[in-house]
>>> print(open('data-v8.cif').read())   # mmCIF, C-alpha atoms
data_data
loop_
_atom_site.label_atom_id
_atom_site.label_comp_id
_atom_site.auth_asym_id
_atom_site.auth_seq_id
_atom_site.Cartn_x
_atom_site.Cartn_y
_atom_site.Cartn_z
CA MET W 1 91.36 -55.22 203.40
CA ALA W 2 89.08 -52.27 202.76
CA LYS W 3 89.30 -49.37 205.15
CA VAL W 4 85.83 -48.28 206.27
CA VAL W 5 85.67 -44.54 206.87
CA THR W 6 82.51 -42.88 208.22
CA VAL W 7 81.96 -39.13 207.87
CA THR W 8 79.68 -37.71 210.55
CA SER W 9 79.03 -34.44 212.39
CA GLY W 10 76.01 -34.40 214.68
CA LYS W 11 74.80 -31.12 213.24
CA GLY W 12 73.32 -30.98 209.77
CA GLY W 13 74.56 -28.76 206.99
CA VAL W 14 78.24 -28.62 207.94
CA GLY W 15 79.43 -30.48 204.84
CA LYS W 16 79.32 -34.23 205.47
CA THR W 17 78.05 -35.11 202.02
CA THR W 18 80.36 -32.64 200.28
CA ALA W 19 83.35 -33.97 202.20
CA THR W 20 82.43 -37.59 201.50
CA ALA W 21 82.04 -36.90 197.78
CA ASN W 22 85.27 -34.95 197.53
CA VAL W 23 87.44 -37.28 199.58
CA ALA W 24 86.04 -40.23 197.62
CA MET W 25 86.83 -38.53 194.31
CA ALA W 26 90.29 -37.51 195.46
CA LEU W 27 91.06 -41.07 196.58
CA ALA W 28 89.69 -42.58 193.38
CA ALA W 29 91.72 -40.12 191.33
CA THR W 30 94.89 -41.58 192.85
CA GLY W 31 93.88 -45.05 191.64
CA GLU W 32 92.24 -46.36 194.80
CA LYS W 33 89.05 -48.33 194.43
CA VAL W 34 86.39 -46.50 196.45
CA VAL W 35 82.79 -47.39 197.28
CA CYS W 36 80.66 -44.59 198.81
CA ILE W 37 77.56 -45.50 200.78
CA ASP W 38 74.87 -42.91 201.40
CA ALA W 39 73.50 -43.84 204.84
CA ASP W 40 71.07 -40.92 204.92
CA ILE W 41 67.98 -42.98 204.12
CA GLY W 42 65.00 -40.78 203.27
CA LEU W 43 67.14 -37.68 202.67
CA ARG W 44 69.71 -38.87 200.19
CA ASN W 45 72.02 -36.34 198.54
CA LEU W 46 75.34 -37.98 197.86
CA ASP W 47 73.92 -39.03 194.47
CA VAL W 48 73.27 -35.43 193.34
CA ILE W 49 76.54 -34.09 194.73
CA LEU W 50 78.40 -36.78 192.80
CA GLY W 51 76.22 -36.19 189.72
CA LEU W 52 75.00 -39.79 189.64
CA GLU W 53 71.30 -39.20 190.42
CA ASN W 54 70.05 -40.27 187.01
CA ARG W 55 71.64 -43.67 187.16
CA ILE W 56 70.04 -45.09 190.29
CA VAL W 57 68.23 -48.39 189.82
CA PHE W 58 68.75 -50.16 193.14
CA ASP W 59 69.66 -48.72 196.53
CA LEU W 60 71.01 -49.63 199.94
CA VAL W 61 67.68 -50.90 201.25
CA ASP W 62 67.22 -53.08 198.14
CA VAL W 63 70.53 -54.75 198.96
CA VAL W 64 69.70 -55.20 202.64
CA GLU W 65 66.26 -56.61 201.87
CA GLY W 66 67.61 -58.94 199.21
CA ARG W 67 65.94 -57.42 196.15
CA CYS W 68 69.24 -57.17 194.34
CA ARG W 69 72.84 -58.23 194.64
CA LEU W 70 75.37 -55.84 196.11
CA LYS W 71 77.06 -55.22 192.77
CA GLN W 72 73.77 -54.28 191.12
CA ALA W 73 73.39 -51.37 193.55
CA MET W 74 76.93 -50.08 192.95
CA ILE W 75 76.79 -47.22 190.46
CA ARG W 76 80.05 -46.77 188.65
CA ASP W 77 81.26 -43.23 188.09
CA LYS W 78 82.07 -42.48 184.46
CA ARG W 79 84.79 -39.92 185.20
CA LEU W 80 86.63 -42.15 187.67
CA PRO W 81 86.05 -45.82 186.93
CA GLU W 82 87.39 -46.79 190.37
CA LEU W 83 84.60 -44.85 192.12
CA TYR W 84 81.24 -46.39 193.02
CA LEU W 85 78.15 -45.19 194.85
CA ILE W 86 75.58 -47.21 196.75
CA PRO W 87 72.72 -44.72 197.07
CA ALA W 88 70.29 -44.47 199.98
CA ALA W 89 66.61 -45.29 199.56
CA GLN W 90 64.56 -42.12 199.34
CA THR W 91 61.10 -43.38 200.28
CA ARG W 92 62.06 -45.26 203.44
CA ASP W 93 63.41 -44.24 206.83
CA LYS W 94 66.45 -44.97 208.97
CA THR W 95 64.88 -48.07 210.53
CA ALA W 96 64.94 -49.87 207.17
CA VAL W 97 68.58 -50.71 207.92
CA SER W 98 70.21 -51.91 211.16
CA PRO W 99 73.78 -51.47 212.39
CA SER W 100 74.40 -55.19 211.84
CA ASP W 101 73.10 -54.91 208.25
CA MET W 102 75.74 -52.23 207.69
CA VAL W 103 78.46 -54.39 209.20
CA ARG W 104 77.46 -57.31 206.98
CA LEU W 105 77.39 -55.09 203.88
CA CYS W 106 80.86 -53.74 204.61
CA ASP W 107 82.17 -57.24 205.25
CA GLU W 108 80.99 -58.12 201.77
CA LEU W 109 82.73 -55.04 200.34
CA ASP W 110 85.93 -55.85 202.20
CA THR W 111 87.52 -57.74 199.31
CA GLU W 112 85.85 -55.63 196.62
CA CYS W 113 87.62 -52.31 197.18
CA ASP W 114 90.30 -50.35 199.02
CA TRP W 115 88.00 -47.85 200.70
CA VAL W 116 84.40 -47.72 201.85
CA LEU W 117 83.27 -44.16 202.59
CA ILE W 118 80.01 -43.83 204.51
CA ASP W 119 78.10 -40.56 204.50
CA SER W 120 76.28 -40.42 207.83
CA PRO W 121 73.01 -38.58 208.35
CA ALA W 122 72.86 -35.73 210.88
CA GLY W 123 71.76 -36.58 214.39
CA ILE W 124 72.76 -39.06 217.06
CA GLU W 125 70.04 -41.67 216.55
CA ARG W 126 69.64 -44.81 214.48
CA GLY W 127 71.02 -43.34 211.26
CA PHE W 128 74.22 -42.29 213.01
CA ARG W 129 74.59 -45.70 214.66
CA ASN W 130 74.06 -47.41 211.31
CA ALA W 131 76.77 -45.29 209.74
CA VAL W 132 79.31 -45.76 212.51
CA ALA W 133 78.78 -49.49 213.20
CA PRO W 134 81.06 -50.81 210.43
CA ALA W 135 83.66 -47.99 210.63
CA ASN W 136 87.29 -48.50 211.47
CA PHE W 137 88.02 -44.80 211.06
CA VAL W 138 85.62 -41.99 211.92
CA ILE W 139 85.84 -38.46 210.56
CA VAL W 140 83.96 -35.73 212.39
CA ILE W 141 83.34 -32.64 210.35
CA THR W 142 82.56 -29.27 211.89
CA ASN W 143 82.41 -25.58 211.06
CA PRO W 144 84.05 -22.88 213.19
CA GLU W 145 80.68 -21.95 214.75
CA VAL W 146 79.40 -22.48 218.29
CA SER W 147 76.55 -24.82 217.36
CA ALA W 148 78.62 -27.01 215.05
CA VAL W 149 81.51 -27.25 217.53
CA ARG W 150 79.17 -28.14 220.38
CA ASP W 151 77.50 -30.87 218.34
CA ALA W 152 80.89 -32.13 217.16
CA ASP W 153 81.96 -32.49 220.79
CA ARG W 154 78.85 -34.49 221.54
CA ILE W 155 79.36 -36.78 218.58
CA ILE W 156 83.05 -37.26 219.46
CA GLY W 157 81.95 -38.43 222.91
CA LEU W 158 79.48 -40.88 221.36
CA ILE W 159 82.13 -42.22 218.99
CA GLU W 160 84.41 -42.87 221.95
CA ALA W 161 81.54 -44.54 223.79
CA GLU W 162 80.97 -46.82 220.77
CA GLU W 163 84.70 -47.63 220.88
CA LYS W 164 85.21 -46.21 217.42
CA GLY W 165 87.60 -43.49 218.52
CA PRO W 166 89.72 -41.55 218.38
CA ALA W 167 87.75 -39.38 215.99
CA HIS W 168 89.56 -37.35 213.35
CA LEU W 169 88.49 -33.80 212.70
CA ILE W 170 87.88 -31.81 209.53
CA ILE W 171 87.22 -28.11 210.05
CA ASN W 172 85.15 -27.03 207.07
CA ARG W 173 84.26 -23.62 205.63
CA ILE W 174 86.78 -21.59 207.56
CA LYS W 175 87.10 -17.97 206.47
CA PRO W 176 90.68 -16.79 207.14
CA GLU W 177 89.75 -13.11 206.90
CA LEU W 178 87.12 -13.50 209.63
CA VAL W 179 89.59 -15.40 211.80
CA LYS W 180 92.15 -12.61 211.37
CA ARG W 181 89.53 -10.06 212.37
CA GLY W 182 88.79 -12.06 215.52
CA ASP W 183 85.25 -12.88 214.48
CA MET W 184 85.62 -16.57 213.73
CA LEU W 185 87.00 -19.38 215.88
CA SER W 186 90.48 -20.26 214.66
CA ILE W 187 91.75 -23.75 213.94
CA GLU W 188 93.71 -23.58 217.19
CA ASP W 189 90.56 -22.58 219.12
CA VAL W 190 88.54 -25.48 217.73
CA LEU W 191 91.33 -27.99 218.39
CA GLU W 192 91.77 -26.76 221.93
CA LEU W 193 88.04 -27.06 222.59
CA LEU W 194 87.52 -30.48 221.02
CA ALA W 195 90.93 -32.01 221.82
CA VAL W 196 90.98 -34.39 218.86
CA GLU W 197 93.38 -34.99 216.04
CA LEU W 198 93.13 -32.74 213.01
CA LEU W 199 92.74 -34.42 209.64
CA GLY W 200 92.27 -31.31 207.55
CA VAL W 201 91.05 -27.77 207.18
CA VAL W 202 88.88 -26.74 204.24
CA PRO W 203 88.48 -23.05 203.48
CA GLU W 204 85.22 -21.50 202.37
CA ASP W 205 85.25 -21.65 198.58
CA GLU W 206 82.39 -20.79 196.24
CA LYS W 207 83.65 -23.44 193.84
CA VAL W 208 82.25 -26.04 196.26
CA LEU W 209 78.74 -24.71 195.66
CA MET W 210 79.34 -24.55 191.93
CA GLY W 211 80.62 -28.11 191.98
CA GLY W 212 77.44 -29.17 193.74
CA ASN W 213 75.38 -27.33 191.12
CA ARG W 214 77.09 -29.29 188.39
CA GLY W 215 77.37 -32.62 190.17
CA ALA W 216 81.15 -32.34 189.79
CA PRO W 217 82.94 -32.15 193.16
CA VAL W 218 85.85 -29.67 193.37
CA ALA W 219 88.35 -32.34 194.35
CA LEU W 220 89.16 -32.72 190.66
CA GLU W 221 89.56 -28.98 190.13
CA GLU W 222 93.21 -28.11 190.11
CA ARG W 223 92.70 -24.43 190.91
CA SER W 224 90.22 -24.72 193.77
CA LEU W 225 91.68 -24.20 197.24
CA ALA W 226 88.96 -26.34 198.82
CA GLY W 227 89.69 -28.97 196.19
CA GLN W 228 93.34 -28.90 197.20
CA ALA W 229 92.33 -29.26 200.86
CA PHE W 230 90.23 -32.35 200.05
CA ARG W 231 93.04 -33.86 197.98
CA ASN W 232 95.36 -33.34 200.94
CA ILE W 233 92.87 -35.04 203.26
CA ALA W 234 92.71 -38.02 200.92
CA ARG W 235 96.51 -38.29 200.94
CA ARG W 236 96.62 -38.07 204.74
CA LEU W 237 94.07 -40.88 204.89
CA LYS W 238 96.48 -42.92 202.80
CA GLY W 239 99.13 -42.29 205.43
CA GLU W 240 101.14 -39.57 203.74
CA GLU W 241 102.36 -36.64 205.79
CA ILE W 242 101.05 -33.54 204.08
CA PRO W 243 101.42 -30.09 205.63
CA TYR W 244 98.27 -28.10 206.25
CA LEU W 245 97.40 -25.36 203.79
CA ASP W 246 98.72 -22.02 204.92
CA LEU W 247 95.36 -20.28 204.90
CA MET W 248 96.41 -17.37 207.07
CA ASN W 249 99.48 -16.56 204.97
CA SER W 250 101.54 -16.15 208.09
CA GLY W 251 104.72 -18.11 208.64
CA GLY W 252 103.96 -19.27 212.16
CA PHE W 253 100.66 -20.88 211.28
CA ILE W 254 101.76 -24.39 210.45
CA GLY W 255 104.14 -24.40 213.39
CA ARG W 256 101.34 -23.51 215.75
CA ILE W 257 99.16 -26.28 214.39
CA THR W 258 101.87 -28.90 214.78
CA LYS W 259 102.33 -27.71 218.33
CA LEU W 260 98.63 -28.12 219.04
CA LEU W 261 98.57 -31.57 217.56
CA ARG W 262 101.01 -32.90 220.08
CA PRO W 263 99.34 -34.70 222.99
CA GLY W 264 98.61 -32.32 225.78
CA GLY W 265 98.15 -29.36 223.46
CA ARG W 266 100.09 -26.44 224.80
CA MET P 1 91.69 -19.33 234.23
CA GLY P 2 94.39 -16.67 234.01
CA SER P 3 93.98 -16.40 230.27
CA PHE P 4 90.27 -15.93 230.78
CA PHE P 5 90.86 -12.62 232.53
CA ASP P 6 93.51 -11.60 230.02
CA LYS P 7 90.98 -12.02 227.31
CA ILE P 8 88.28 -10.17 229.21
CA LEU P 9 90.63 -7.24 229.79
CA GLY P 10 92.37 -7.32 226.44
CA ARG P 11 90.19 -8.41 223.59
CA GLU P 12 86.74 -8.52 225.07
CA LYS P 13 85.02 -7.20 221.96
CA LYS P 14 86.10 -9.99 219.64
CA SER P 15 83.23 -12.35 219.04
CA ALA P 16 85.51 -15.34 218.44
CA ASN P 17 86.88 -15.07 221.97
CA GLN P 18 83.38 -14.90 223.35
CA ALA P 19 82.48 -18.00 221.34
CA LYS P 20 85.47 -19.84 222.75
CA GLU P 21 84.84 -18.93 226.37
CA ARG P 22 81.15 -19.76 226.11
CA LEU P 23 81.89 -23.07 224.42
CA LYS P 24 84.41 -24.02 227.10
CA LEU P 25 81.75 -23.83 229.77
CA VAL P 26 79.02 -25.44 227.68
CA LEU P 27 81.24 -28.38 226.75
CA ILE P 28 82.26 -29.09 230.34
CA HIS P 29 78.64 -29.54 231.31
CA ASP P 30 77.67 -31.35 228.09
CA ARG P 31 80.43 -33.87 228.69
CA THR P 32 79.70 -34.60 232.33
CA ASP P 33 75.95 -34.27 232.56
CA LEU P 34 76.59 -32.42 235.82
CA SER P 35 74.73 -29.13 236.13
CA PRO P 36 76.17 -26.14 238.02
CA GLY P 37 73.28 -26.56 240.46
CA SER P 38 74.08 -30.16 241.38
CA LEU P 39 77.75 -29.27 241.60
CA ASP P 40 76.82 -26.73 244.30
CA MET P 41 74.71 -29.30 246.13
CA MET P 42 77.57 -31.76 246.04
CA LYS P 43 79.90 -29.10 247.40
CA ASP P 44 77.61 -28.45 250.38
CA GLU P 45 77.31 -32.15 251.14
CA LEU P 46 81.06 -32.64 250.86
CA ILE P 47 81.65 -29.79 253.29
CA ALA P 48 79.20 -31.36 255.73
CA VAL P 49 80.86 -34.78 255.53
CA ILE P 50 84.44 -33.56 255.77
CA SER P 51 83.61 -31.20 258.64
CA ARG P 52 82.64 -34.21 260.71
CA TYR P 53 86.26 -35.39 260.61
CA VAL P 54 88.38 -32.28 260.35
CA GLN P 55 87.95 -28.56 260.72
CA ILE P 56 87.87 -26.86 257.35
CA ASP P 57 87.48 -23.33 256.12
CA SER P 58 84.12 -23.96 254.48
CA SER P 59 83.89 -20.50 252.91
CA ALA P 60 87.10 -21.10 250.96
CA VAL P 61 86.20 -24.51 249.54
CA THR P 62 86.20 -24.64 245.75
CA ILE P 63 85.10 -27.51 243.57
CA GLY P 64 85.24 -27.58 239.83
CA ILE P 65 85.84 -29.62 236.71
CA GLU P 66 89.25 -29.53 235.09
CA HIS P 67 90.19 -31.17 231.84
CA ASN P 68 93.23 -32.47 230.11
CA GLY P 69 92.41 -33.17 226.50
CA ARG P 70 89.07 -34.96 226.54
CA GLU P 71 89.64 -36.35 230.01
CA GLN P 72 87.80 -34.52 232.76
CA ARG P 73 88.26 -34.64 236.49
CA LEU P 74 86.54 -33.22 239.51
CA VAL P 75 88.96 -31.13 241.53
CA ALA P 76 88.20 -29.92 245.03
CA ASP P 77 90.34 -27.54 247.03
CA ILE P 78 89.54 -27.78 250.72
CA PRO P 79 91.66 -25.61 253.01
CA LEU P 80 92.07 -27.06 256.51
CA LYS P 81 91.92 -24.90 259.59
CA PRO P 82 94.97 -25.04 261.84
CA ALA P 83 94.52 -27.78 264.44
CA GLY P 84 93.27 -26.42 267.76
CA ARG P 85 94.49 -27.46 271.17
CA ARG P 86 91.70 -29.92 271.74
CA ARG P 87 91.55 -32.88 269.48
CA ARG P 88 88.88 -35.50 269.38
CA SER P 89 88.55 -38.40 267.05
#
>>> encode(input="data-v8.cif", output="structure tokens")
Amino acid sequence: MAKVVTVTSGKGGVGKTTATANVAMALAATGEKVVCIDADIGLRNLDVILGLENRIVFDLVDVVEGRCRLKQAMIRDKRLPELYLIPAAQTRDKTAVSPSDMVRLCDELDTECDWVLIDSPAGIERGFRNAVAPANFVIVITNPEVSAVRDADRIIGLIEAEEKGPAHLIINRIKPELVKRGDMLSIEDVLELLAVELLGVVPEDEKVLMGGNRGAPVALEERSLAGQAFRNIARRLKGEEIPYLDLMNSGGFIGRITKLLRPGGR
Amino acid sequence: MGSFFDKILGREKKSANQAKERLKLVLIHDRTDLSPGSLDMMKDELIAVISRYVQIDSSAVTIGIEHNGREQRLVADIPLKPAGRRRRS
């Protein structure tokens, strides 16, 4: 019943945790029951981004090693009662959990919720395989930069090899003014290079940083453009057809995107 | 490749175009695990093998990787020389 969505990227620092937190919040705000799992054992951060760091008692490794029941490790968000977090252990490493542990855990969550959102660690090793093993939908997040796009391409290949494809792409932190100036890869450029389906585009927005500072993701902020982008992504995940934000303020933009989304590109 | 030259001639200074062209090449090799060096070696061996059966214009042979979406294929263009009077099998 639950849809298991893994957010991954290959490269670190492109916005996996931020995207996971925001999409989870946006989904939960529409009444869906969402459980987030931080799979970044040893370098957990989903707890601070969600503002739940002070409420951790048990974590993912405690569940896997049988020190607590699954429900005891699920921290319930006070703003959105349909949102839960299973935090990562901070003093262990990726080998504390196996891909089959993750599959078993998600099987147990299957009847508990509508969505399981897994925040993958950076890299292509054990942590990535743990995060992807239970997924039935994989989101790859990238920035319009050479290193992030290259790593995204690599991770997309690995997702296909694990038979978890096709991957769905979020382009994060795009700066429309730089794109217009010709100094940043455009959405069209990135889609042409990676040849995957676009799930959403999130503009650079300082409110994202401020949200992180406060432990209050922007997805709930009506006036934030990035927040709007994350809300749109959540609705697309639910199967709604939502047009992409017109970041370039030019009429032909959405048309060009739709054209690129068709198989075969242009 | 036509657009490649357009971009070189037209908007060569824009860093985004440079990023795109560089990434195109990097991704081809990342995806196939085939280095430009081994591609050249393969080309020489192919020329040697094919020349045993048919006369080809070895200087005009091109071999490269083309892609359609995420699918990649090796494409070789091997011009044949016009058949001479003598023909042996």
>>> atom_distance(input="data-v8.cif", atom1="CA of Leu191 in chain W", atom2="CA of Glu240 in chain W")
21.1 Å
>>> closest_atom_pairs(input="data-v8.cif", of="chain P", to="chain W", cutoff="6 Å", atoms="only C-alpha atoms", output="JSON lines")
{"residue": "P:Lys14", "atom": "CA", "partner": "W:Gly182", "partner_atom": "CA", "distance": 5.3}
{"residue": "P:Ser15", "atom": "CA", "partner": "W:Asp183", "partner_atom": "CA", "distance": 5.0}
{"residue": "P:Ala16", "atom": "CA", "partner": "W:Asp183", "partner_atom": "CA", "distance": 4.7}
{"residue": "P:Gly69", "atom": "CA", "partner": "W:Ala195", "partner_atom": "CA", "distance": 5.0}
{"residue": "P:Arg70", "atom": "CA", "partner": "W:Ala195", "partner_atom": "CA", "distance": 5.9}
>>> write_last_selection(input="data-v8.cif", atoms="C-alpha atoms", output="mmCIF file, keeping the file's coordinate frame")
data_model
loop_
_atom_site.group_PDB
_atom_site.id
_atom_site.type_symbol
_atom_site.label_atom_id
_atom_site.label_comp_id
_atom_site.auth_asym_id
_atom_site.auth_seq_id
_atom_site.Cartn_x
_atom_site.Cartn_y
_atom_site.Cartn_z
ATOM 1 C CA LYS P 14 86.100 -9.990 219.640
ATOM 2 C CA SER P 15 83.230 -12.350 219.040
ATOM 3 C CA ALA P 16 85.510 -15.340 218.440
ATOM 4 C CA GLY P 69 92.410 -33.170 226.500
ATOM 5 C CA ARG P 70 89.070 -34.960 226.540
#
>>> resolve_selection(input="data-v8.cif", expression="the PyMOL selection byres ((chain P and resi 79) around 6)", output="list in words")
Ile56, Asp57, Ile78 and Leu80 of chain P
>>> atom_distance(input="data-v8.cif", atom1="CA of His29 in chain P", atom2="CA of Lys13 in chain P")
25.0 Å
>>> atom_distance(input="data-v8.cif", atom1="CA of Pro166 in chain W", atom2="CA of Pro203 in chain W")
23.8 Å
>>> resolve_selection(input="data-v8.cif", expression="the PyMOL selection byres ((chain W and resi 20) around 10)", output="list of chain:residue names")
W:Val5, W:Thr6, W:Val7, W:Thr8, W:Gly15, W:Lys16, W:Thr17, W:Thr18, W:Ala19, W:Ala21, W:Asn22, W:Val23, W:Ala24, W:Met25, W:Ala26, W:Cys36, W:Ile37, W:Asp38, W:Leu46, W:Ile49, W:Leu50, W:Leu117, W:Ile118, W:Asp119, W:Ser120, W:Ile139, W:Pro217, W:Phe230
>>> residues_around(input="data-v8.cif", residues="range 33-48 of chain P", least_positions_apart="5", cutoff="10 Å", atoms="all atoms listed in the file", output="MDAnalysis selection string")
chainID P and resid 27:28 53 55:59 61:65 74 76 78
>>> closest_residue(input="data-v8.cif", among="W:Asn172, W:Thr30, W:Thr111, W:Gln72", to="Ala148 in chain W", atoms="all atoms listed in the file")
W:Asn172
>>> resolve_selection(input="data-v8.cif", expression="the PyMOL selection byres ((chain W and resi 56) around 10)", output="list in words")
Asp47, Leu52, Glu53, Asn54, Arg55, Val57, Phe58, Asp59, Gln72, Ala73, Met74, Ile75, Leu85, Ile86, Pro87, Ala88 and Ala89 of chain W
>>> residues_around(input="data-v8.cif", residues="Leu247 in chain W", least_positions_apart="5", cutoff="9 Å", atoms="only C-alpha atoms", output="NGL selection string")
:W and (175-176 or 201 or 203 or 253)
>>> closest_residue(input="data-v8.cif", among="W:Lys78, W:Val140, W:Leu209, W:Ile187", to="Gly165 in chain W", atoms="only C-alpha atoms")
W:Val140
>>> residues_around(input="data-v8.cif", residues="Leu198 in chain W", least_positions_apart="4", cutoff="8 Å", atoms="all atoms listed in the file", output="ChimeraX atom specification")
/W:168-170,191,261
>>> residues_around(input="data-v8.cif", residues="Asn130 in chain W", least_positions_apart="6", cutoff="9 Å", atoms="all atoms listed in the file", output="number ranges by chain")
W: 39, 94, 97-103, 120
>>> write_last_selection(input="data-v8.cif", atoms="C-alpha atoms", output="compact mmCIF listing (two decimals), in the frame of the given file")
# COMPACT_ATOMS: atom_id res chain seq x y z
CA ALA W 39 73.50 -43.84 204.84
CA LYS W 94 66.45 -44.97 208.97
CA VAL W 97 68.58 -50.71 207.92
CA SER W 98 70.21 -51.91 211.16
CA PRO W 99 73.78 -51.47 212.39
CA SER W 100 74.40 -55.19 211.84
CA ASP W 101 73.10 -54.91 208.25
CA MET W 102 75.74 -52.23 207.69
CA VAL W 103 78.46 -54.39 209.20
CA SER W 120 76.28 -40.42 207.83
>>> closest_residue(input="data-v8.cif", among="W:Val208, W:Val4, W:Ile174, W:Leu105", to="Asn136 in chain W", atoms="only C-alpha atoms")
W:Val4
>>> closest_residue(input="data-v8.cif", among="P:Val26, P:Lys20, P:Arg31, P:Lys81", to="Ala60 in chain P", atoms="only C-alpha atoms")
P:Lys81
>>> build_atoms(input="data-v8.cif", residues="range 29-48 of chain W", atoms="N, CA and C atoms", output="mmCIF file, in the coordinates of the input")
data_model
loop_
_atom_site.group_PDB
_atom_site.id
_atom_site.type_symbol
_atom_site.label_atom_id
_atom_site.label_comp_id
_atom_site.auth_asym_id
_atom_site.auth_seq_id
_atom_site.Cartn_x
_atom_site.Cartn_y
_atom_site.Cartn_z
ATOM 1 N N ALA W 29 90.850 -40.730 192.335
ATOM 2 C CA ALA W 29 91.720 -40.120 191.330
ATOM 3 C C ALA W 29 93.174 -40.584 191.478
ATOM 4 N N THR W 30 93.530 -41.076 192.677
ATOM 5 C CA THR W 30 94.890 -41.580 192.850
ATOM 6 C C THR W 30 94.960 -43.092 192.587
ATOM 7 N N GLY W 31 93.866 -43.646 192.027
ATOM 8 C CA GLY W 31 93.880 -45.050 191.640
ATOM 9 C C GLY W 31 93.330 -46.017 192.663
ATOM 10 N N GLU W 32 92.833 -45.484 193.777
ATOM 11 C CA GLU W 32 92.240 -46.360 194.800
ATOM 12 C C GLU W 32 90.824 -46.737 194.370
ATOM 13 N N LYS W 33 90.422 -47.931 194.719
ATOM 14 C CA LYS W 33 89.050 -48.330 194.430
ATOM 15 C C LYS W 33 88.172 -47.958 195.620
ATOM 16 N N VAL W 34 87.180 -47.092 195.367
ATOM 17 C CA VAL W 34 86.390 -46.500 196.450
ATOM 18 C C VAL W 34 84.904 -46.782 196.250
ATOM 19 N N VAL W 35 84.248 -47.246 197.307
ATOM 20 C CA VAL W 35 82.790 -47.390 197.280
ATOM 21 C C VAL W 35 82.213 -46.441 198.322
ATOM 22 N N CYS W 36 81.343 -45.503 197.870
ATOM 23 C CA CYS W 36 80.660 -44.590 198.810
ATOM 24 C C CYS W 36 79.305 -45.180 199.128
ATOM 25 N N ILE W 37 78.909 -45.088 200.392
ATOM 26 C CA ILE W 37 77.560 -45.500 200.780
ATOM 27 C C ILE W 37 76.850 -44.297 201.369
ATOM 28 N N ASP W 38 75.690 -43.971 200.819
ATOM 29 C CA ASP W 38 74.870 -42.910 201.400
ATOM 30 C C ASP W 38 73.985 -43.540 202.464
ATOM 31 N N ALA W 39 74.267 -43.239 203.736
ATOM 32 C CA ALA W 39 73.500 -43.840 204.840
ATOM 33 C C ALA W 39 72.341 -42.952 205.271
ATOM 34 N N ASP W 40 72.136 -41.858 204.545
ATOM 35 C CA ASP W 40 71.070 -40.920 204.920
ATOM 36 C C ASP W 40 69.759 -41.329 204.243
ATOM 37 N N ILE W 41 69.188 -42.424 204.739
ATOM 38 C CA ILE W 41 67.980 -42.980 204.120
ATOM 39 C C ILE W 41 66.806 -42.005 204.310
ATOM 40 N N GLY W 42 66.118 -41.707 203.212
ATOM 41 C CA GLY W 42 65.000 -40.780 203.270
ATOM 42 C C GLY W 42 65.384 -39.354 202.898
ATOM 43 N N LEU W 43 66.665 -39.030 203.029
ATOM 44 C CA LEU W 43 67.140 -37.680 202.670
ATOM 45 C C LEU W 43 68.460 -37.794 201.912
ATOM 46 N N ARG W 44 68.446 -38.606 200.873
ATOM 47 C CA ARG W 44 69.710 -38.870 200.190
ATOM 48 C C ARG W 44 70.174 -37.653 199.380
ATOM 49 N N ASN W 45 71.448 -37.453 199.300
ATOM 50 C CA ASN W 45 72.020 -36.340 198.540
ATOM 51 C C ASN W 45 73.376 -36.631 197.937
ATOM 52 N N LEU W 46 74.012 -37.678 198.402
ATOM 53 C CA LEU W 46 75.340 -37.980 197.860
ATOM 54 C C LEU W 46 75.245 -38.234 196.355
ATOM 55 N N ASP W 47 74.114 -38.773 195.911
ATOM 56 C CA ASP W 47 73.920 -39.030 194.470
ATOM 57 C C ASP W 47 73.951 -37.739 193.652
ATOM 58 N N VAL W 48 73.260 -36.686 194.123
ATOM 59 C CA VAL W 48 73.270 -35.430 193.340
ATOM 60 C C VAL W 48 74.611 -34.725 193.418
#
